[in-house]
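File shown: work-v2.pdb (PDB, C-alpha atoms).
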ATOM      1  CA  MET A  19      37.936  17.830  59.338  1.00  0.00           C
ATOM      2  CA  ILE A  20      39.319  14.722  57.626  1.00  0.00           C
ATOM      3  CA  VAL A  21      41.938  13.934  60.282  1.00  0.00           C
ATOM      4  CA  ASP A  22      42.156  15.308  63.818  1.00  0.00           C
ATOM      5  CA  ILE A  23      45.671  16.754  64.070  1.00  0.00           C
ATOM      6  CA  THR A  24      45.997  17.977  67.653  1.00  0.00           C
ATOM      7  CA  GLU A  25      47.582  21.360  68.442  1.00  0.00           C
ATOM      8  CA  SER A  26      50.765  19.629  69.653  1.00  0.00           C
ATOM      9  CA  GLY A  27      50.748  17.486  66.489  1.00  0.00           C
ATOM     10  CA  GLN A  28      50.401  20.587  64.322  1.00  0.00           C
ATOM     11  CA  ALA A  29      53.198  22.368  66.199  1.00  0.00           C
ATOM     12  CA  TYR A  30      55.537  19.377  65.780  1.00  0.00           C
ATOM     13  CA  LEU A  31      54.751  19.004  62.058  1.00  0.00           C
ATOM     14  CA  GLN A  32      55.241  22.751  61.545  1.00  0.00           C
ATOM     15  CA  GLU A  33      58.638  22.521  63.252  1.00  0.00           C
ATOM     16  CA  LEU A  34      59.672  19.666  60.920  1.00  0.00           C
ATOM     17  CA  LEU A  35      58.415  21.568  57.867  1.00  0.00           C
ATOM     18  CA  SER A  36      60.277  24.770  58.847  1.00  0.00           C
ATOM     19  CA  LYS A  37      63.563  22.795  58.921  1.00  0.00           C
ATOM     20  CA  GLN A  38      63.086  21.763  55.280  1.00  0.00           C
ATOM     21  CA  ASP A  39      63.740  25.289  54.026  1.00  0.00           C
ATOM     22  CA  VAL A  40      61.318  24.861  51.100  1.00  0.00           C
ATOM     23  CA  GLU A  41      58.803  27.635  50.472  1.00  0.00           C
ATOM     24  CA  GLY A  42      55.220  26.316  50.513  1.00  0.00           C
ATOM     25  CA  ILE A  43      56.087  22.785  51.712  1.00  0.00           C
ATOM     26  CA  GLY A  44      53.218  20.922  53.369  1.00  0.00           C
ATOM     27  CA  ILE A  45      52.393  17.396  54.414  1.00  0.00           C
ATOM     28  CA  ARG A  46      50.674  14.612  52.512  1.00  0.00           C
ATOM     29  CA  MET A  47      48.832  11.862  54.335  1.00  0.00           C
ATOM     30  CA  PHE A  48      47.805   8.560  52.799  1.00  0.00           C
ATOM     31  CA  VAL A  49      47.244   4.908  53.613  1.00  0.00           C
ATOM     32  CA  SER A  50      49.316   2.327  51.751  1.00  0.00           C
ATOM     33  CA  ASN A  51      47.546  -1.035  51.236  1.00  0.00           C
ATOM     34  CA  PRO A  52      44.291   0.441  52.579  1.00  0.00           C
ATOM     35  CA  GLY A  53      41.662  -1.973  53.864  1.00  0.00           C
ATOM     36  CA  THR A  54      44.138  -4.826  54.319  1.00  0.00           C
ATOM     37  CA  PRO A  55      46.006  -6.223  57.339  1.00  0.00           C
ATOM     38  CA  GLN A  56      49.172  -4.604  55.904  1.00  0.00           C
ATOM     39  CA  ALA A  57      47.691  -1.102  55.873  1.00  0.00           C
ATOM     40  CA  GLU A  58      50.087   1.636  56.957  1.00  0.00           C
ATOM     41  CA  THR A  59      49.137   5.239  57.564  1.00  0.00           C
ATOM     42  CA  CYS A  60      51.867   7.564  56.329  1.00  0.00           C
ATOM     43  CA  ILE A  61      52.716  11.249  56.560  1.00  0.00           C
ATOM     44  CA  ALA A  62      55.235  12.560  54.051  1.00  0.00           C
ATOM     45  CA  TYR A  63      56.583  15.940  53.032  1.00  0.00           C
ATOM     46  CA  CYS A  64      54.688  17.470  50.127  1.00  0.00           C
ATOM     47  CA  ARG A  65      56.748  19.994  48.195  1.00  0.00           C
ATOM     48  CA  PRO A  66      55.005  22.366  45.787  1.00  0.00           C
ATOM     49  CA  GLY A  67      54.099  20.370  42.680  1.00  0.00           C
ATOM     50  CA  GLU A  68      54.012  17.012  44.493  1.00  0.00           C
ATOM     51  CA  GLU A  69      50.294  17.267  45.189  1.00  0.00           C
ATOM     52  CA  GLN A  70      48.271  14.694  43.302  1.00  0.00           C
ATOM     53  CA  GLU A  71      44.988  14.884  41.469  1.00  0.00           C
ATOM     54  CA  GLY A  72      42.176  13.912  43.802  1.00  0.00           C
ATOM     55  CA  ASP A  73      43.952  15.085  46.974  1.00  0.00           C
ATOM     56  CA  GLU A  74      41.726  16.807  49.517  1.00  0.00           C
ATOM     57  CA  ILE A  75      43.427  20.000  50.683  1.00  0.00           C
ATOM     58  CA  VAL A  76      43.089  21.234  54.265  1.00  0.00           C
ATOM     59  CA  GLN A  77      44.637  24.490  55.418  1.00  0.00           C
ATOM     60  CA  TYR A  78      45.906  24.384  58.997  1.00  0.00           C
ATOM     61  CA  PRO A  79      47.052  27.616  60.683  1.00  0.00           C
ATOM     62  CA  GLU A  80      50.751  27.036  59.887  1.00  0.00           C
ATOM     63  CA  PHE A  81      50.782  24.602  56.943  1.00  0.00           C
ATOM     64  CA  THR A  82      48.766  22.900  54.235  1.00  0.00           C
ATOM     65  CA  ALA A  83      47.864  19.200  54.406  1.00  0.00           C
ATOM     66  CA  TYR A  84      47.041  17.075  51.376  1.00  0.00           C
ATOM     67  CA  PHE A  85      45.017  13.925  51.982  1.00  0.00           C
ATOM     68  CA  GLU A  86      45.068  11.305  49.249  1.00  0.00           C
ATOM     69  CA  GLY A  87      41.506  11.053  47.909  1.00  0.00           C
ATOM     70  CA  ARG A  88      41.604   7.270  47.731  1.00  0.00           C
ATOM     71  CA  SER A  89      42.708   7.071  51.399  1.00  0.00           C
ATOM     72  CA  ILE A  90      40.010   9.339  52.850  1.00  0.00           C
ATOM     73  CA  PRO A  91      37.511   6.570  53.785  1.00  0.00           C
ATOM     74  CA  PHE A  92      40.363   4.782  55.591  1.00  0.00           C
ATOM     75  CA  LEU A  93      41.402   7.978  57.437  1.00  0.00           C
ATOM     76  CA  LYS A  94      37.956   8.421  59.035  1.00  0.00           C
ATOM     77  CA  ASP A  95      38.382   8.961  62.808  1.00  0.00           C
ATOM     78  CA  ALA A  96      42.190   9.194  62.401  1.00  0.00           C
ATOM     79  CA  LYS A  97      44.148  11.252  64.902  1.00  0.00           C
ATOM     80  CA  VAL A  98      47.685  12.631  64.780  1.00  0.00           C
ATOM     81  CA  ASP A  99      49.169  13.662  68.118  1.00  0.00           C
ATOM     82  CA  TYR A 100      52.547  14.589  69.531  1.00  0.00           C
ATOM     83  CA  ALA A 101      53.525  13.814  73.106  1.00  0.00           C
ATOM     84  CA  ALA A 102      56.742  15.202  74.549  1.00  0.00           C
ATOM     85  CA  ASP A 103      58.755  12.912  76.803  1.00  0.00           C
ATOM     86  CA  LYS A 104      62.272  12.631  78.258  1.00  0.00           C
ATOM     87  CA  MET A 105      63.602  11.259  74.965  1.00  0.00           C
ATOM     88  CA  GLY A 106      62.257  14.252  73.027  1.00  0.00           C
ATOM     89  CA  GLY A 107      58.802  13.073  72.094  1.00  0.00           C
ATOM     90  CA  GLN A 108      56.827  10.976  69.706  1.00  0.00           C
ATOM     91  CA  LEU A 109      54.386  11.634  66.897  1.00  0.00           C
ATOM     92  CA  THR A 110      51.579   9.079  66.942  1.00  0.00           C
ATOM     93  CA  ILE A 111      49.158   8.335  64.137  1.00  0.00           C
ATOM     94  CA  ARG A 112      46.039   6.386  65.001  1.00  0.00           C
ATOM     95  CA  ALA A 113      43.862   5.376  62.070  1.00  0.00           C
ATOM     96  CA  PRO A 114      41.382   2.784  63.366  1.00  0.00           C
ATOM     97  CA  ASN A 115      39.731   2.385  59.949  1.00  0.00           C
ATOM     98  CA  SER A 116      42.900   1.978  57.853  1.00  0.00           C
ATOM     99  CA  LYS A 117      42.743  -1.828  57.915  1.00  0.00           C
ATOM    100  CA  MET A 118      38.956  -2.056  57.536  1.00  0.00           C
ATOM    101  CA  PRO A 119      37.827  -3.344  54.140  1.00  0.00           C
ATOM    102  CA  GLN A 120      35.773  -0.507  52.667  1.00  0.00           C
ATOM    103  CA  VAL A 121      35.144  -1.457  49.116  1.00  0.00           C
ATOM    104  CA  SER A 122      32.286  -0.618  46.800  1.00  0.00           C
ATOM    105  CA  ASP A 123      31.733  -0.967  43.066  1.00  0.00           C
ATOM    106  CA  ASP A 124      33.163   2.579  42.714  1.00  0.00           C
ATOM    107  CA  SER A 125      36.428   1.722  44.502  1.00  0.00           C
ATOM    108  CA  PRO A 126      39.654   1.576  42.453  1.00  0.00           C
ATOM    109  CA  ILE A 127      40.137  -1.881  40.938  1.00  0.00           C
ATOM    110  CA  GLU A 128      43.327  -2.418  42.990  1.00  0.00           C
ATOM    111  CA  ASP A 129      41.309  -1.989  46.202  1.00  0.00           C
ATOM    112  CA  ARG A 130      38.660  -4.423  44.960  1.00  0.00           C
ATOM    113  CA  ILE A 131      41.321  -6.999  44.006  1.00  0.00           C
ATOM    114  CA  ASN A 132      42.992  -6.661  47.425  1.00  0.00           C
ATOM    115  CA  TYR A 133      39.625  -7.054  49.116  1.00  0.00           C
ATOM    116  CA  VAL A 134      38.953 -10.357  47.313  1.00  0.00           C
ATOM    117  CA  LEU A 135      42.521 -11.587  47.931  1.00  0.00           C
ATOM    118  CA  PHE A 136      42.467 -10.844  51.656  1.00  0.00           C
ATOM    119  CA  ASN A 137      38.889 -11.893  52.364  1.00  0.00           C
ATOM    120  CA  ASP A 138      38.165 -14.754  49.956  1.00  0.00           C
ATOM    121  CA  ILE A 139      41.473 -16.220  48.777  1.00  0.00           C
ATOM    122  CA  ASN A 140      44.116 -15.815  51.492  1.00  0.00           C
ATOM    123  CA  PRO A 141      42.081 -17.526  54.243  1.00  0.00           C
ATOM    124  CA  GLY A 142      42.124 -20.714  52.113  1.00  0.00           C
ATOM    125  CA  LEU A 143      45.818 -20.391  51.276  1.00  0.00           C
ATOM    126  CA  ALA A 144      46.637 -19.819  54.951  1.00  0.00           C
ATOM    127  CA  SER A 145      45.812 -23.449  55.722  1.00  0.00           C
ATOM    128  CA  HIS A 146      48.930 -24.304  53.696  1.00  0.00           C
ATOM    129  CA  GLY A 147      50.949 -21.473  55.225  1.00  0.00           C
ATOM    130  CA  GLY A 148      50.657 -19.384  52.068  1.00  0.00           C
ATOM    131  CA  GLN A 149      49.310 -16.070  50.892  1.00  0.00           C
ATOM    132  CA  VAL A 150      49.089 -14.044  47.707  1.00  0.00           C
ATOM    133  CA  GLU A 151      49.269 -10.291  47.210  1.00  0.00           C
ATOM    134  CA  LEU A 152      48.699  -7.898  44.336  1.00  0.00           C
ATOM    135  CA  GLN A 153      51.859  -6.364  42.863  1.00  0.00           C
ATOM    136  CA  GLU A 154      50.249  -4.413  40.029  1.00  0.00           C
ATOM    137  CA  TYR A 155      47.165  -4.147  37.841  1.00  0.00           C
ATOM    138  CA  THR A 156      48.276  -3.786  34.209  1.00  0.00           C
ATOM    139  CA  ASP A 157      46.812  -1.546  31.512  1.00  0.00           C
ATOM    140  CA  ASP A 158      45.670  -4.640  29.623  1.00  0.00           C
ATOM    141  CA  GLY A 159      43.590  -5.850  32.572  1.00  0.00           C
ATOM    142  CA  PHE A 160      45.823  -8.420  34.282  1.00  0.00           C
ATOM    143  CA  ALA A 161      46.348  -8.741  38.015  1.00  0.00           C
ATOM    144  CA  VAL A 162      50.041  -9.435  38.621  1.00  0.00           C
ATOM    145  CA  LEU A 163      50.296 -11.456  41.815  1.00  0.00           C
ATOM    146  CA  LYS A 164      53.055 -12.636  44.101  1.00  0.00           C
ATOM    147  CA  PHE A 165      52.704 -15.760  46.190  1.00  0.00           C
ATOM    148  CA  GLY A 166      54.482 -16.148  49.517  1.00  0.00           C
ATOM    149  CA  GLY A 167      54.871 -18.585  52.365  1.00  0.00           C
ATOM    150  CA  GLY A 168      53.888 -22.161  51.544  1.00  0.00           C
ATOM    151  CA  CYS A 169      52.707 -21.181  48.035  1.00  0.00           C
ATOM    152  CA  GLN A 170      56.191 -20.139  46.897  1.00  0.00           C
ATOM    153  CA  GLY A 171      57.757 -23.099  45.124  1.00  0.00           C
ATOM    154  CA  CYS A 172      54.704 -25.322  45.652  1.00  0.00           C
ATOM    155  CA  SER A 173      54.184 -27.846  42.863  1.00  0.00           C
ATOM    156  CA  ALA A 174      50.416 -27.126  42.765  1.00  0.00           C
ATOM    157  CA  VAL A 175      50.736 -23.336  42.467  1.00  0.00           C
ATOM    158  CA  ASP A 176      49.748 -23.277  38.758  1.00  0.00           C
ATOM    159  CA  LEU A 177      46.530 -25.119  39.573  1.00  0.00           C
ATOM    160  CA  THR A 178      45.875 -22.829  42.549  1.00  0.00           C
ATOM    161  CA  LEU A 179      46.532 -19.776  40.363  1.00  0.00           C
ATOM    162  CA  LYS A 180      44.253 -20.766  37.465  1.00  0.00           C
ATOM    163  CA  GLU A 181      41.492 -22.784  39.162  1.00  0.00           C
ATOM    164  CA  GLY A 182      41.351 -20.926  42.453  1.00  0.00           C
ATOM    165  CA  VAL A 183      42.692 -17.403  42.405  1.00  0.00           C
ATOM    166  CA  GLU A 184      41.972 -16.416  38.779  1.00  0.00           C
ATOM    167  CA  LYS A 185      38.518 -17.999  38.751  1.00  0.00           C
ATOM    168  CA  THR A 186      37.496 -16.269  41.995  1.00  0.00           C
ATOM    169  CA  LEU A 187      38.872 -12.867  40.958  1.00  0.00           C
ATOM    170  CA  ILE A 188      37.190 -12.917  37.519  1.00  0.00           C
ATOM    171  CA  GLU A 189      33.909 -14.087  39.065  1.00  0.00           C
ATOM    172  CA  LYS A 190      33.914 -11.212  41.573  1.00  0.00           C
ATOM    173  CA  ILE A 191      35.582  -8.548  39.372  1.00  0.00           C
ATOM    174  CA  PRO A 192      34.583  -9.211  35.732  1.00  0.00           C
ATOM    175  CA  GLU A 193      36.841  -6.443  34.338  1.00  0.00           C
ATOM    176  CA  ILE A 194      39.905  -8.589  35.080  1.00  0.00           C
ATOM    177  CA  GLN A 195      41.249 -10.377  31.986  1.00  0.00           C
ATOM    178  CA  GLY A 196      43.345 -12.809  34.001  1.00  0.00           C
ATOM    179  CA  VAL A 197      46.191 -13.153  36.458  1.00  0.00           C
ATOM    180  CA  ARG A 198      49.944 -13.404  36.098  1.00  0.00           C
ATOM    181  CA  ASP A 199      52.345 -14.831  38.653  1.00  0.00           C
ATOM    182  CA  MET A 200      55.593 -12.967  39.310  1.00  0.00           C
ATOM    183  CA  THR A 201      56.770 -15.276  42.101  1.00  0.00           C
ATOM    184  CA  ASP A 202      60.173 -16.961  41.939  1.00  0.00           C
ATOM    185  CA  HIS A 203      59.039 -20.561  42.400  1.00  0.00           C
ATOM    186  CA  SER A 204      62.598 -21.924  42.172  1.00  0.00           C
ATOM    187  CA  ASP A 205      62.878 -21.132  45.898  1.00  0.00           C
ATOM    188  CA  THR A 206      61.163 -24.133  47.488  1.00  0.00           C
ATOM    189  CA  SER A 207      62.411 -23.626  51.070  1.00  0.00           C
ATOM    190  CA  ASN A 208      58.922 -23.104  52.551  1.00  0.00           C
ATOM    191  CA  ALA A 209      56.898 -24.951  49.919  1.00  0.00           C
ATOM    192  CA  TYR A 210      53.793 -26.891  50.891  1.00  0.00           C
ATOM    193  CA  TYR A 211      53.414 -30.286  49.217  1.00  0.00           C
TER     194      TYR A 211
END
What do you get writing this file as structure tokens?
Amino acid sequence: MIVDITESGQAYLQELLSKQDVEGIGIRMFVSNPGTPQAETCIAYCRPGEEQEGDEIVQYPEFTAYFEGRSIPFLKDAKVDYAADKMGGQLTIRAPNSKMPQVSDDSPIEDRINYVLFNDINPGLASHGGQVELQEYTDDGFAVLKFGGGCQGCSAVDLTLKEGVEKTLIEKIPEIQGVRDMTDHSDTSNAYY
């Protein structure tokens, strides 16, 4: 079993699905920003045709669950539970491995870029109150980044981008052609000088 969905969790999800009035609707579970401090474990409706290539399919007694293939290592030991209370109840998702960096040479390039950003680059930028995050990896091999905090509007950001971030990323992930900055540096309200 990929994720432990308790009986009460299954009953609650089934109740939600039955209210959708869509034949064959299931759930899809994935982790956004897996392996980073911003990781979020999500459960969404999955209507017929919304499944994605690479999803692992698990048939529960009352519904079908689709688990995003890329998220599976981050869903290890995850548990979905429902606890009734006076206010009606609450669905809880615990995914202790969702924020754990789990990257190998076979991991998608976005995961490898995020791993380098969060483990090698952001700790250095944090000393200036800044951070950088991946917005997109382009078809032509560029990592499009967005700076925040003290990096946004900083006069040295071009140097940081080329000499620090780009150099480190290309050294650790040779497939990358370069980096592009999509940050609006005209906002200098938090800039570090």
(message) On this structure, the PyMOL selection byres ((chain A and resi 111) around 6) would catch which residues? List them as an MDAnalysis selection string, sorted by chain and number.
(response) chainID A and resid 97:98 110 112
(message) Report, in Å to a single decimal, how far apart CA of Ser125 in chain A and CA of Glu184 in chain A are.
(response)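 Calculated distance between CA of Glu184 in chain A and CA of Ser125 in chain A is 19.8 Å.
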(request) Could you check which of A:Ala101, A:Ala161, A:Cys60, A:Val49 is closest to Arg130 in chain A, using all atoms listed in the file? (result)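 With all atoms listed in the file as the atom set, the closest residue is A:Ala161.
For the pair CA of Gly167 in chain A and CA of Leu187 in chain A, the separation is 20.5 Å.
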(request) Would you kindly return, as an MDAnalysis selection string, each protein, DNA or RNA residue with an atom no farther than 12 Å from any atom of Val121 in chain A, considering only C-alpha atoms and excluding same-chain residues fewer than 3 positions away? (result) chainID A and resid 52:54 88:89 91:92 117:118 124:134 137
Write out the residues from the selection above, keeping C-alpha atoms, as a JSON list (two decimals), in the coordinates of the input.
[["chain", "number", "residue", "atom", "x", "y", "z"],
["A", 52, "PRO", "CA", 44.29, 0.44, 52.58],
["A", 53, "GLY", "CA", 41.66, -1.97, 53.86],
["A", 54, "THR", "CA", 44.14, -4.83, 54.32],
["A", 88, "ARG", "CA", 41.60, 7.27, 47.73],
["A", 89, "SER", "CA", 42.71, 7.07, 51.40],
["A", 91, "PRO", "CA", 37.51, 6.57, 53.78],
["A", 92, "PHE", "CA", 40.36, 4.78, 55.59],
["A", 117, "LYS", "CA", 42.74, -1.83, 57.92],
["A", 118, "MET", "CA", 38.96, -2.06, 57.54],
["A", 124, "ASP", "CA", 33.16, 2.58, 42.71],
["A", 125, "SER", "CA", 36.43, 1.72, 44.50],
["A", 126, "PRO", "CA", 39.65, 1.58, 42.45],
["A", 127, "ILE", "CA", 40.14, -1.88, 40.94],
["A", 128, "GLU", "CA", 43.33, -2.42, 42.99],
["A", 129, "ASP", "CA", 41.31, -1.99, 46.20],
["A", 130, "ARG", "CA", 38.66, -4.42, 44.96],
["A", 131, "ILE", "CA", 41.32, -7.00, 44.01],
["A", 132, "ASN", "CA", 42.99, -6.66, 47.42],
["A", 133, "TYR", "CA", 39.62, -7.05, 49.12],
["A", 134, "VAL", "CA", 38.95, -10.36, 47.31],
["A", 137, "ASN", "CA", 38.89, -11.89, 52.36]]
(request) Write out as a list in words the residues lying within 10 Å of Glu154 in chain A, counting all atoms listed in the file and excluding same-chain residues fewer than 5 positions away. (result)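 Those residues are Glu128, Phe160, Ala161, Val162, Leu163, Lys164 and Arg198 of chain A.
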(request) One decimal, Å: what's the distance from CA of Ile188 in chain A over to CA of Ile139 in chain A, could you say? (result) 12.5 Å
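With all atoms listed in the file as the basis for measurement, A:Ile23 is the residue among A:Ile61, A:Val183, A:Leu93, A:Ile23 that approaches Pro79 in chain A most closely.
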(message) Using only C-alpha atoms, can you tell me which of A:Asn115, A:Gln120, A:Thr156, A:Asn51 comes closest to Glu193 in chain A?
(response) A:Thr156
(request) Kindly resolve the PyMOL selection byres ((chain A and resi 30) around 12) on the present coordinates and return the residues as a ChimeraX atom specification. (result) /A:23-29,31-37,45,80-81,98-102,106-110
With C-alpha atoms kept, could you save the residues just selected as a CSV table (one decimal), keeping the file's coordinate frame?
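Saved as result.csv:
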chain,number,residue,atom,x,y,z
A,23,ILE,CA,45.7,16.8,64.1
A,24,THR,CA,46.0,18.0,67.7
A,25,GLU,CA,47.6,21.4,68.4
A,26,SER,CA,50.8,19.6,69.7
A,27,GLY,CA,50.7,17.5,66.5
A,28,GLN,CA,50.4,20.6,64.3
A,29,ALA,CA,53.2,22.4,66.2
A,31,LEU,CA,54.8,19.0,62.1
A,32,GLN,CA,55.2,22.8,61.5
A,33,GLU,CA,58.6,22.5,63.3
A,34,LEU,CA,59.7,19.7,60.9
A,35,LEU,CA,58.4,21.6,57.9
A,36,SER,CA,60.3,24.8,58.8
A,37,LYS,CA,63.6,22.8,58.9
A,45,ILE,CA,52.4,17.4,54.4
A,80,GLU,CA,50.8,27.0,59.9
A,81,PHE,CA,50.8,24.6,56.9
A,98,VAL,CA,47.7,12.6,64.8
A,99,ASP,CA,49.2,13.7,68.1
A,100,TYR,CA,52.5,14.6,69.5
A,101,ALA,CA,53.5,13.8,73.1
A,102,ALA,CA,56.7,15.2,74.5
A,106,GLY,CA,62.3,14.3,73.0
A,107,GLY,CA,58.8,13.1,72.1
A,108,GLN,CA,56.8,11.0,69.7
A,109,LEU,CA,54.4,11.6,66.9
A,110,THR,CA,51.6,9.1,66.9
(message) Give me, as JSON, numbers by chain, all polymer residues having an atom no more than 8 Å from Ile43 in chain A, counting only C-alpha atoms and skipping those fewer than 6 positions away in the same chain.
(response) {"A": [35, 63, 64, 65, 66, 81, 82]}
(request) Return the single residue from A:Val21, A:Pro119, A:Asp138, A:Ile194 that is closest to Asp157 in chain A, with distances computed using all atoms listed in the file. (result)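 Of the candidates, the smallest distance to Asp157 in chain A is held by A:Ile194.
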(request) With a distance cut-off of 8 Å and all atoms listed in the file, select the neighbouring residues of Phe165 in chain A, excluding the residue or stretch itself and same-chain residues fewer than 6 positions from it, and output the selection as a ChimeraX atom specification. (result) /A:148-151,199-201
(message) I'd like to know which of A:Ala96, A:Ala83, A:Met19, A:Ile75 is closest to Met47 in chain A, using only C-alpha atoms.
(response)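 Under the stated criterion, the closest residue is A:Ala83.
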